[in-house]
file work-v6.cif (mmCIF, C-alpha atoms)
data_work
#
loop_
_atom_site.label_atom_id
_atom_site.label_comp_id
_atom_site.auth_asym_id
_atom_site.auth_seq_id
_atom_site.Cartn_x
_atom_site.Cartn_y
_atom_site.Cartn_z
CA MET A 294 133.08 158.70 8.70
CA GLN A 295 129.85 160.53 7.91
CA ARG A 296 128.22 157.28 6.86
CA ARG A 297 129.21 155.64 10.13
CA HIS A 298 127.68 158.47 12.12
CA LEU A 299 124.47 158.27 10.12
CA ALA A 300 124.30 154.50 10.59
CA LEU A 301 124.86 154.85 14.35
CA LEU A 302 122.18 157.53 14.63
CA SER A 303 119.75 155.35 12.68
CA VAL A 304 120.34 152.38 14.97
CA LEU A 305 119.90 154.53 18.09
CA ALA A 306 116.70 155.98 16.70
CA LEU A 307 115.25 152.56 15.96
CA VAL A 308 116.18 151.24 19.40
CA ALA A 309 114.70 154.27 21.11
CA LEU A 310 111.47 153.97 19.15
CA ALA A 311 111.26 150.30 20.08
CA GLY A 312 111.55 151.20 23.76
CA CYS A 313 114.51 148.91 24.32
CA THR A 314 116.92 151.37 25.87
CA GLY A 315 114.63 153.55 27.93
CA LEU A 316 116.41 156.67 26.73
CA PHE A 317 113.20 158.67 27.15
CA GLY A 318 111.91 156.84 30.23
CA PRO A 319 108.72 154.79 30.58
CA GLU A 320 106.00 155.36 28.02
CA GLU A 321 102.42 155.87 29.16
CA VAL A 322 100.06 153.23 27.77
CA ASP A 323 97.40 154.70 25.50
CA GLU A 324 94.38 155.67 27.62
CA GLY A 325 91.98 154.46 24.95
CA LYS A 326 93.38 150.93 25.27
CA LEU A 327 93.29 151.05 29.07
CA ASN A 328 89.59 152.01 28.96
CA GLU A 329 88.49 149.27 26.58
CA ASN A 330 85.48 147.25 27.74
CA ALA A 331 86.07 143.91 29.46
CA THR A 332 84.26 141.69 31.95
CA TYR A 333 86.25 140.20 34.81
CA ASP A 334 85.40 137.55 37.38
CA TRP A 335 86.39 139.19 40.64
CA GLU A 336 85.09 136.39 42.88
CA THR A 337 88.19 134.24 42.77
CA GLU A 338 89.37 131.64 45.27
CA THR A 339 93.05 132.14 44.41
CA ASN A 340 95.38 135.14 44.62
CA ALA A 341 95.77 135.14 40.84
CA SER A 342 93.14 134.11 38.31
CA ILE A 343 93.84 133.97 34.58
CA THR A 344 91.25 133.19 31.91
CA LEU A 345 92.56 132.24 28.48
CA ASN A 346 90.77 132.92 25.23
CA ARG A 347 91.90 132.04 21.73
CA THR A 348 93.86 135.25 21.12
CA SER A 349 93.90 136.97 24.52
CA TYR A 350 93.77 136.40 28.25
CA ARG A 351 92.25 138.18 31.25
CA ALA A 352 94.22 138.33 34.51
CA VAL A 353 93.05 139.28 38.01
CA TYR A 354 95.62 139.70 40.82
CA ASP A 355 95.22 140.44 44.53
CA ILE A 356 96.93 143.68 45.55
CA PRO A 357 97.85 144.18 49.23
CA ASN A 358 98.35 147.93 49.77
CA ASN A 359 100.78 148.57 46.91
CA SER A 360 101.32 151.85 45.12
CA SER A 361 102.18 149.99 41.92
CA TYR A 362 102.30 146.51 40.46
CA THR A 363 104.97 145.45 37.96
CA ILE A 364 104.29 142.76 35.36
CA TYR A 365 106.37 141.38 32.51
CA ASN A 366 106.78 138.46 30.12
CA ARG A 367 109.85 136.45 29.18
CA ASP A 368 110.72 135.88 25.54
CA ASP A 369 112.20 132.69 24.08
CA LEU A 370 115.67 133.74 25.24
CA GLY A 371 114.52 134.39 28.80
CA ARG A 372 114.71 138.18 28.50
CA GLU A 373 112.09 140.26 30.28
CA GLU A 374 109.73 142.40 28.22
CA GLY A 375 106.72 144.58 28.95
CA VAL A 376 103.12 143.36 28.75
CA PRO A 377 100.92 145.38 26.35
CA VAL A 378 97.93 145.68 28.70
CA ARG A 379 94.47 146.99 27.89
CA ALA A 380 91.04 147.15 29.58
CA LEU A 381 92.70 148.01 32.91
CA ARG A 382 90.50 147.89 36.03
CA PHE A 383 90.92 148.07 39.81
CA ARG A 384 88.45 146.74 42.37
CA PHE A 385 88.57 148.07 45.92
CA ASP A 386 87.91 145.81 48.87
CA ASN A 387 84.44 147.32 49.20
CA GLY A 388 83.54 146.13 45.70
CA THR A 389 83.88 149.44 43.82
CA VAL A 390 85.45 149.01 40.38
CA ILE A 391 87.24 151.87 38.62
CA SER A 392 88.91 152.25 35.22
CA ALA A 393 91.76 154.43 34.03
CA ALA A 394 89.33 157.16 32.99
CA ASN A 395 89.29 160.06 35.47
CA SER A 396 91.27 158.15 38.11
CA SER A 397 94.81 157.62 39.31
CA LEU A 398 94.84 154.14 37.80
CA THR A 399 97.24 154.05 34.85
CA ALA A 400 100.03 152.02 33.28
CA ARG A 401 103.41 152.79 31.78
CA GLN A 402 105.51 150.45 29.69
CA THR A 403 109.26 150.15 29.43
CA GLY A 404 111.37 147.79 27.38
CA ARG A 405 111.53 145.25 30.22
CA SER A 406 108.26 145.63 32.16
CA THR A 407 104.87 147.26 32.52
CA VAL A 408 104.22 149.23 35.71
CA ILE A 409 100.59 149.60 36.79
CA ASP A 410 100.13 152.63 39.06
CA LEU A 411 97.41 151.97 41.62
CA PRO A 412 95.13 154.49 43.34
CA ASN A 413 96.08 155.74 46.81
CA ASN A 414 97.98 152.64 47.98
CA SER A 415 94.65 150.84 48.26
CA SER A 416 94.29 147.09 48.63
CA GLY A 417 92.04 145.20 46.28
CA GLN A 418 92.38 143.52 42.90
CA VAL A 419 93.86 144.69 39.61
CA ALA A 420 92.72 143.25 36.28
CA TYR A 421 93.90 143.63 32.71
CA THR A 422 93.66 142.00 29.28
CA ALA A 423 96.61 141.10 27.04
CA GLU A 424 97.22 139.19 23.83
CA ARG A 425 98.24 135.55 23.54
CA MET A 426 98.44 132.88 20.83
CA GLY A 427 98.93 129.15 20.44
CA LYS A 428 98.26 126.05 22.55
CA SER A 429 100.37 127.11 25.51
CA PHE A 430 100.53 129.85 28.12
CA ALA A 431 103.25 130.93 30.53
CA THR A 432 103.50 133.72 33.07
CA PRO A 433 106.15 134.66 35.60
CA VAL A 434 105.18 134.40 39.27
CA TYR A 435 105.16 138.09 40.22
CA THR A 436 104.48 137.60 43.93
CA ASN A 437 105.85 134.76 46.04
CA GLY A 438 103.28 132.76 47.97
CA TYR A 439 100.38 133.41 45.58
CA THR A 440 97.96 130.69 44.58
CA TYR A 441 96.94 130.46 40.92
CA ALA A 442 94.07 129.36 38.72
CA VAL A 443 94.29 129.22 34.91
CA THR A 444 91.06 128.65 32.98
CA LEU A 445 91.64 127.20 29.51
CA PRO A 446 89.76 128.20 26.35
CA PRO A 447 86.59 126.19 25.57
CA GLY A 448 87.31 122.61 24.50
CA ARG A 449 90.93 122.66 25.66
CA ARG A 450 92.29 120.14 28.14
CA VAL A 451 95.38 118.99 30.03
CA GLY A 452 96.03 115.50 31.34
CA ILE A 453 97.52 113.47 28.46
CA PRO A 454 101.34 113.55 28.93
CA LEU A 455 102.26 113.51 25.23
CA LEU A 456 99.75 116.21 24.33
CA SER A 457 99.84 118.50 27.37
CA GLN A 458 101.81 119.62 30.38
CA ALA A 459 101.30 121.87 33.39
CA THR A 460 104.05 123.06 35.73
CA PRO A 461 104.53 123.09 38.62
CA GLY A 462 103.05 119.65 39.01
CA ASN A 463 100.98 119.96 42.20
CA TYR A 464 97.82 121.15 40.45
CA GLU A 465 94.19 120.12 40.27
CA THR A 466 91.77 120.31 37.36
CA ASP A 467 88.04 120.92 37.20
CA THR A 468 85.79 121.19 34.15
CA ASN A 469 82.70 123.38 33.87
CA GLU A 470 80.38 121.38 31.64
CA ALA A 471 78.18 124.42 30.90
CA THR A 472 81.06 126.44 29.41
CA ASN A 473 83.21 123.43 28.35
CA ARG A 474 86.18 125.05 30.10
CA MET A 475 88.79 123.34 32.25
CA THR A 476 90.44 125.21 35.12
CA VAL A 477 93.93 124.27 36.31
CA THR A 478 94.36 125.29 39.95
CA TRP A 479 97.43 125.55 42.18
CA SER A 480 95.78 125.80 45.60
CA GLU A 481 99.12 125.74 47.41
CA PRO A 482 101.44 128.78 47.22
CA VAL A 483 103.63 128.61 44.11
CA ASP A 484 107.33 128.94 44.85
CA GLN A 485 108.64 128.53 41.30
CA ARG A 486 109.59 131.34 38.93
CA ALA A 487 106.84 130.69 36.41
CA ILE A 488 103.64 128.83 35.65
CA ARG A 489 103.31 127.04 32.32
CA VAL A 490 100.38 125.27 30.72
CA ARG A 491 100.44 123.42 27.41
CA PHE A 492 97.04 122.09 26.36
CA TYR A 493 95.26 120.30 23.53
CA LEU A 494 91.92 120.45 21.77
CA GLU A 495 89.57 117.60 22.56
CA ARG A 496 89.50 116.75 18.87
CA ASP A 497 93.30 116.41 18.93
CA LEU A 498 92.86 113.44 21.24
CA TYR A 499 90.67 111.67 18.69
CA ILE A 500 93.11 112.50 15.89
CA PHE A 501 96.04 111.24 17.97
CA GLY A 502 94.13 108.07 18.88
CA GLY A 503 93.17 107.50 15.26
CA LEU A 504 96.76 107.88 14.07
CA ALA A 505 97.95 105.51 16.78
CA LEU A 506 95.32 102.95 15.74
CA VAL A 507 96.32 103.27 12.08
CA ALA A 508 99.98 102.77 13.03
CA ILE A 509 99.09 99.64 15.02
CA VAL A 510 97.02 98.22 12.15
CA ILE A 511 99.75 98.91 9.58
CA GLY A 512 102.38 97.37 11.84
CA SER A 513 100.23 94.28 12.45
CA VAL A 514 99.49 93.83 8.74
CA GLY A 515 103.17 94.21 7.91
CA THR A 516 104.16 91.63 10.52
CA VAL A 517 101.58 89.12 9.27
CA TYR A 518 102.66 89.72 5.65
CA TYR A 519 106.33 89.18 6.52
CA TRP A 520 105.54 86.00 8.47
CA ARG A 521 103.47 84.58 5.58
CA GLN A 522 106.21 85.40 3.09
CA LEU A 523 108.75 83.63 5.29
CA GLN A 524 106.53 80.57 5.54
CA GLU A 525 106.09 80.54 1.74
CA VAL A 526 109.87 80.63 1.22
CA ARG A 527 110.33 77.72 3.60
CA ARG A 528 107.60 75.73 1.85
CA ARG A 529 109.24 76.23 -1.55
CA ARG A 530 112.64 75.20 -0.21
CA GLN A 531 111.15 72.01 1.22
CA GLU A 532 109.41 71.22 -2.08
CA ALA A 533 112.71 71.76 -3.93
CA GLY A 534 114.54 69.51 -1.46
CA ILE A 535 117.00 72.21 -0.42
CA ASP A 536 115.94 72.77 3.14
CA LEU A 537 119.24 73.76 4.72
CA GLU A 538 118.03 73.28 8.25
CA GLU A 539 117.23 69.60 7.67
CA GLU A 540 120.47 69.19 5.67
CA TYR A 541 122.53 70.51 8.54
CA GLU A 542 120.65 68.40 11.04
CA ASP A 543 121.22 65.19 9.00
CA ASP A 544 124.89 65.91 8.38
CA ASP A 545 126.94 64.18 11.09
CA LEU A 546 130.52 65.35 10.88
CA GLY A 547 131.70 62.50 13.15
CA ASP A 548 130.77 59.73 10.62
CA ASP A 549 133.33 60.66 7.97
CA GLY A 550 136.29 59.20 9.88
CA PRO A 551 139.69 60.81 10.34
CA PRO A 552 141.16 63.23 7.82
CA PRO A 553 143.09 61.85 4.80
CA GLY A 554 146.51 60.56 5.70
CA MET A 555 145.48 59.75 9.25
CA ARG A 556 143.93 56.33 8.54
#

call {"tool": "encode", "arguments": {"input": "work-v6.cif", "output": "structure tokens"}}
result
Amino acid sequence: MQRRHLALLSVLALVALAGCTGLFGPEEVDEGKLNENATYDWETETNASITLNRTSYRAVYDIPNNSSYTIYNRDDLGREEGVPVRALRFRFDNGTVISAANSSLTARQTGRSTVIDLPNNSSGQVAYTAERMGKSFATPVYTNGYTYAVTLPPGRRVGIPLLSQATPGNYETDTNEATNRMTVTWSEPVDQRAIRVRFYLERDLYIFGGLALVAIVIGSVGTVYYWRQLQEVRRRRQEAGIDLEEEYEDDDLGDDGPPPGMR
């Protein structure tokens, strides 16, 4: 019995430390992380603007007179989880930008979400940085009716169906040649639950094209080899006088007369 109690206490302790049960309420995000340096592009043409880098992304969202803004991710099983934000900033409508240092701007994380507390119910824009990995990106649509823009890392692209995908489908793309970045834009309000972008490196396209060309060459060579081998077999059969096709063509079953005993 004592062992069972110890095991139960251990499990509860681990779950509480992981922030999955919320036994001790939301946990304030470390102020040092919230005050990290970051540069954001506030002059956006969409309600939400997200810039992807190789291992992180920067997000800027319009805020219309909210006291807080709740964000979250979904794991592979569809469960909601908090976003580990850093470099938190808020820009007022007059252009003033503040950080979490010496202000009412802060963030607290629970097991299922991250709540960003905003200063004085002011309207403006909130921005943060979070980690990401891989050749895809997905984010829930936090506010219905928002338009979105997702800028891909340098050298990444969408547009080839087998190598990339962007949903929802009513998007436009534009490439900045100076930065070698493509931006995927949903200029109409997004009414789906999430936005997803799967992209490829430009060099992947050449690799894919090269592999496809090699496959075509190998297939063509194999077909020609098989055809030549077949022709060689036919030639040898003809030389040996055992060409079955000609034998069957010359054999007229009607010339042999009736079966024995019927004559």

call {"tool": "atom_distance", "arguments": {"input": "work-v6.cif", "atom1": "CA of Tyr519 (chain A)", "atom2": "CA of Gln531 (chain A)"}}
result
18.6 Å

call {"tool": "axis_aligned_box", "arguments": {"input": "work-v6.cif", "around": "region 520-534 of chain A", "padding_each_side": "4 Å", "output": "lines of an AutoDock Vina configuration file"}}
result
center_x = 109.0
center_y = 77.8
center_z = 2.3
size_x = 19.1
size_y = 24.5
size_z = 20.4

call {"tool": "atom_distance", "arguments": {"input": "work-v6.cif", "atom1": "CA of Gln418 (chain A)", "atom2": "CA of Gly325 (chain A)"}}
result
21.0 Å

call {"tool": "atom_distance", "arguments": {"input": "work-v6.cif", "atom1": "CA of Asp467 (chain A)", "atom2": "CA of Arg449 (chain A)"}}
result
12.0 Å

call {"tool": "residues_near_point", "arguments": {"input": "work-v6.cif", "point": "(94.7, 151.0, 36.8)", "cutoff": "12 Å", "atoms": "all atoms listed in the file", "output": "PyMOL selection string"}}
result
chain A and resi 321-322+324+326-328+353+356+360-363+378-385+390-401+407-415+417-422

call {"tool": "closest_atom_pairs", "arguments": {"input": "work-v6.cif", "of": "region 388-477 of chain A", "to": "region 485-492 of chain A", "cutoff": "9 Å", "atoms": "only C-alpha atoms", "output": "tab-separated table"}}
result
residue	atom	partner	partner_atom	distance
A:Lys428	CA	A:Phe492	CA	5.6
A:Ser429	CA	A:Arg491	CA	4.2
A:Phe430	CA	A:Val490	CA	5.3
A:Ala431	CA	A:Arg489	CA	4.3
A:Thr432	CA	A:Ile488	CA	5.5
A:Pro433	CA	A:Ala487	CA	4.1
A:Val434	CA	A:Ala487	CA	5.0
A:Tyr435	CA	A:Arg486	CA	8.2
A:Asn437	CA	A:Gln485	CA	8.3
A:Tyr441	CA	A:Ile488	CA	8.7
A:Val443	CA	A:Val490	CA	8.4
A:Leu445	CA	A:Phe492	CA	8.1
A:Arg449	CA	A:Phe492	CA	6.2
A:Arg450	CA	A:Phe492	CA	5.4
A:Val451	CA	A:Phe492	CA	5.1
A:Gly452	CA	A:Phe492	CA	8.3
A:Ile453	CA	A:Phe492	CA	8.9
A:Leu456	CA	A:Phe492	CA	6.8
A:Ser457	CA	A:Phe492	CA	4.7
A:Gln458	CA	A:Arg491	CA	5.0
A:Ala459	CA	A:Val490	CA	4.4
A:Thr460	CA	A:Arg489	CA	5.3
A:Pro461	CA	A:Ile488	CA	6.5
A:Val477	CA	A:Val490	CA	8.6

call {"tool": "write_last_selection", "arguments": {"input": "work-v6.cif", "atoms": "C-alpha atoms", "output": "compact mmCIF listing (two decimals), in the frame of the given file"}}
result
# COMPACT_ATOMS: atom_id res chain seq x y z
CA LYS A 428 98.26 126.05 22.55
CA SER A 429 100.37 127.11 25.51
CA PHE A 430 100.53 129.85 28.12
CA ALA A 431 103.25 130.93 30.53
CA THR A 432 103.50 133.72 33.07
CA PRO A 433 106.15 134.66 35.60
CA VAL A 434 105.18 134.40 39.27
CA TYR A 435 105.16 138.09 40.22
CA ASN A 437 105.85 134.76 46.04
CA TYR A 441 96.94 130.46 40.92
CA VAL A 443 94.29 129.22 34.91
CA LEU A 445 91.64 127.20 29.51
CA ARG A 449 90.93 122.66 25.66
CA ARG A 450 92.29 120.14 28.14
CA VAL A 451 95.38 118.99 30.03
CA GLY A 452 96.03 115.50 31.34
CA ILE A 453 97.52 113.47 28.46
CA LEU A 456 99.75 116.21 24.33
CA SER A 457 99.84 118.50 27.37
CA GLN A 458 101.81 119.62 30.38
CA ALA A 459 101.30 121.87 33.39
CA THR A 460 104.05 123.06 35.73
CA PRO A 461 104.53 123.09 38.62
CA VAL A 477 93.93 124.27 36.31

call {"tool": "resolve_selection", "arguments": {"input": "work-v6.cif", "expression": "the PyMOL selection byres ((chain A and resi 448) around 7)", "output": "VMD selection string"}}
result
chain A and resid 446 to 447 449 to 450 473 to 474 494 to 495

call {"tool": "decode", "arguments": {"input": "work-v6.cif", "residues": "region 388-402 of chain A", "atoms": "all heavy atoms", "output": "CSV table (one decimal), in the first residue's frame"}}
result
chain,number,residue,atom,x,y,z
A,388,GLY,N,2.1,54.2,-32.4
A,388,GLY,CA,3.4,53.8,-32.8
A,388,GLY,C,4.4,53.5,-31.7
A,388,GLY,O,5.5,53.0,-31.9
A,389,THR,N,4.0,53.7,-30.4
A,389,THR,CA,4.8,53.5,-29.3
A,389,THR,C,4.9,52.0,-29.0
A,389,THR,O,3.9,51.3,-29.0
A,389,THR,CB,4.3,54.2,-28.0
A,389,THR,OG1,4.2,55.6,-28.3
A,389,THR,CG2,5.2,53.9,-26.8
A,390,VAL,N,6.1,51.5,-28.9
A,390,VAL,CA,6.4,50.0,-28.7
A,390,VAL,C,6.9,49.8,-27.2
A,390,VAL,O,7.8,50.5,-26.8
A,390,VAL,CB,7.4,49.5,-29.7
A,390,VAL,CG1,7.7,48.0,-29.4
A,390,VAL,CG2,6.9,49.6,-31.1
A,391,ILE,N,6.3,48.9,-26.5
A,391,ILE,CA,6.8,48.6,-25.1
A,391,ILE,C,7.1,47.1,-25.0
A,391,ILE,O,6.6,46.3,-25.8
A,391,ILE,CB,5.7,49.0,-24.1
A,391,ILE,CG1,4.4,48.1,-24.3
A,391,ILE,CG2,5.4,50.5,-24.1
A,391,ILE,CD1,3.4,48.3,-23.2
A,392,SER,N,7.9,46.8,-24.0
A,392,SER,CA,8.3,45.4,-23.7
A,392,SER,C,7.7,45.1,-22.4
A,392,SER,O,7.0,45.9,-21.7
A,392,SER,CB,9.8,45.3,-23.7
A,392,SER,OG,10.4,46.0,-22.6
A,393,ALA,N,8.0,43.9,-21.9
A,393,ALA,CA,7.5,43.4,-20.6
A,393,ALA,C,8.2,44.1,-19.4
A,393,ALA,O,7.7,44.0,-18.3
A,393,ALA,CB,7.6,41.9,-20.5
A,394,ALA,N,9.3,44.7,-19.7
A,394,ALA,CA,10.1,45.4,-18.6
A,394,ALA,C,9.3,46.6,-18.2
A,394,ALA,O,9.0,47.5,-19.0
A,394,ALA,CB,11.5,45.7,-19.1
A,395,ASN,N,9.0,46.7,-16.9
A,395,ASN,CA,8.4,47.9,-16.3
A,395,ASN,C,7.1,48.3,-17.0
A,395,ASN,O,6.8,49.5,-17.3
A,395,ASN,CB,9.4,49.1,-16.4
A,395,ASN,CG,10.7,48.8,-15.7
A,395,ASN,OD1,10.7,48.2,-14.6
A,395,ASN,ND2,11.8,49.3,-16.3
A,396,SER,N,6.3,47.3,-17.3
A,396,SER,CA,5.0,47.6,-17.9
A,396,SER,C,4.0,46.5,-17.5
A,396,SER,O,4.4,45.5,-16.9
A,396,SER,CB,5.1,47.7,-19.5
A,396,SER,OG,5.3,46.4,-20.0
A,397,SER,N,2.8,46.7,-17.9
A,397,SER,CA,1.7,45.7,-17.6
A,397,SER,C,1.6,44.6,-18.6
A,397,SER,O,0.7,43.8,-18.6
A,397,SER,CB,0.4,46.4,-17.4
A,397,SER,OG,0.1,47.1,-18.6
A,398,LEU,N,2.6,44.6,-19.6
A,398,LEU,CA,2.6,43.6,-20.6
A,398,LEU,C,3.3,42.4,-20.0
A,398,LEU,O,4.5,42.4,-19.6
A,398,LEU,CB,3.3,44.1,-21.8
A,398,LEU,CG,3.5,43.1,-23.0
A,398,LEU,CD1,2.2,42.7,-23.6
A,398,LEU,CD2,4.4,43.7,-24.1
A,399,THR,N,2.7,41.2,-20.0
A,399,THR,CA,3.3,40.0,-19.5
A,399,THR,C,2.6,38.8,-20.1
A,399,THR,O,1.6,38.9,-20.9
A,399,THR,CB,3.1,39.9,-17.9
A,399,THR,OG1,3.9,38.8,-17.4
A,399,THR,CG2,1.7,39.8,-17.5
A,400,ALA,N,3.0,37.6,-19.7
A,400,ALA,CA,2.5,36.4,-20.3
A,400,ALA,C,2.5,35.3,-19.2
A,400,ALA,O,3.5,35.2,-18.4
A,400,ALA,CB,3.2,35.9,-21.5
A,401,ARG,N,1.5,34.5,-19.2
A,401,ARG,CA,1.5,33.3,-18.3
A,401,ARG,C,1.0,32.1,-19.1
A,401,ARG,O,0.2,32.2,-20.0
A,401,ARG,CB,0.5,33.6,-17.1
A,401,ARG,CG,-0.8,34.3,-17.5
A,401,ARG,CD,-1.5,35.0,-16.3
A,401,ARG,NE,-2.6,35.8,-16.8
A,401,ARG,CZ,-3.8,35.4,-17.0
A,401,ARG,NH1,-4.1,34.1,-16.8
A,401,ARG,NH2,-4.7,36.2,-17.5
A,402,GLN,N,1.7,31.0,-18.7
A,402,GLN,CA,1.5,29.8,-19.5
A,402,GLN,C,0.8,28.7,-18.6
A,402,GLN,O,1.2,28.5,-17.5
A,402,GLN,CB,2.8,29.3,-20.0
A,402,GLN,CG,2.7,28.1,-21.0
A,402,GLN,CD,4.1,27.8,-21.6
A,402,GLN,OE1,4.9,28.6,-21.7
A,402,GLN,NE2,4.2,26.5,-22.1
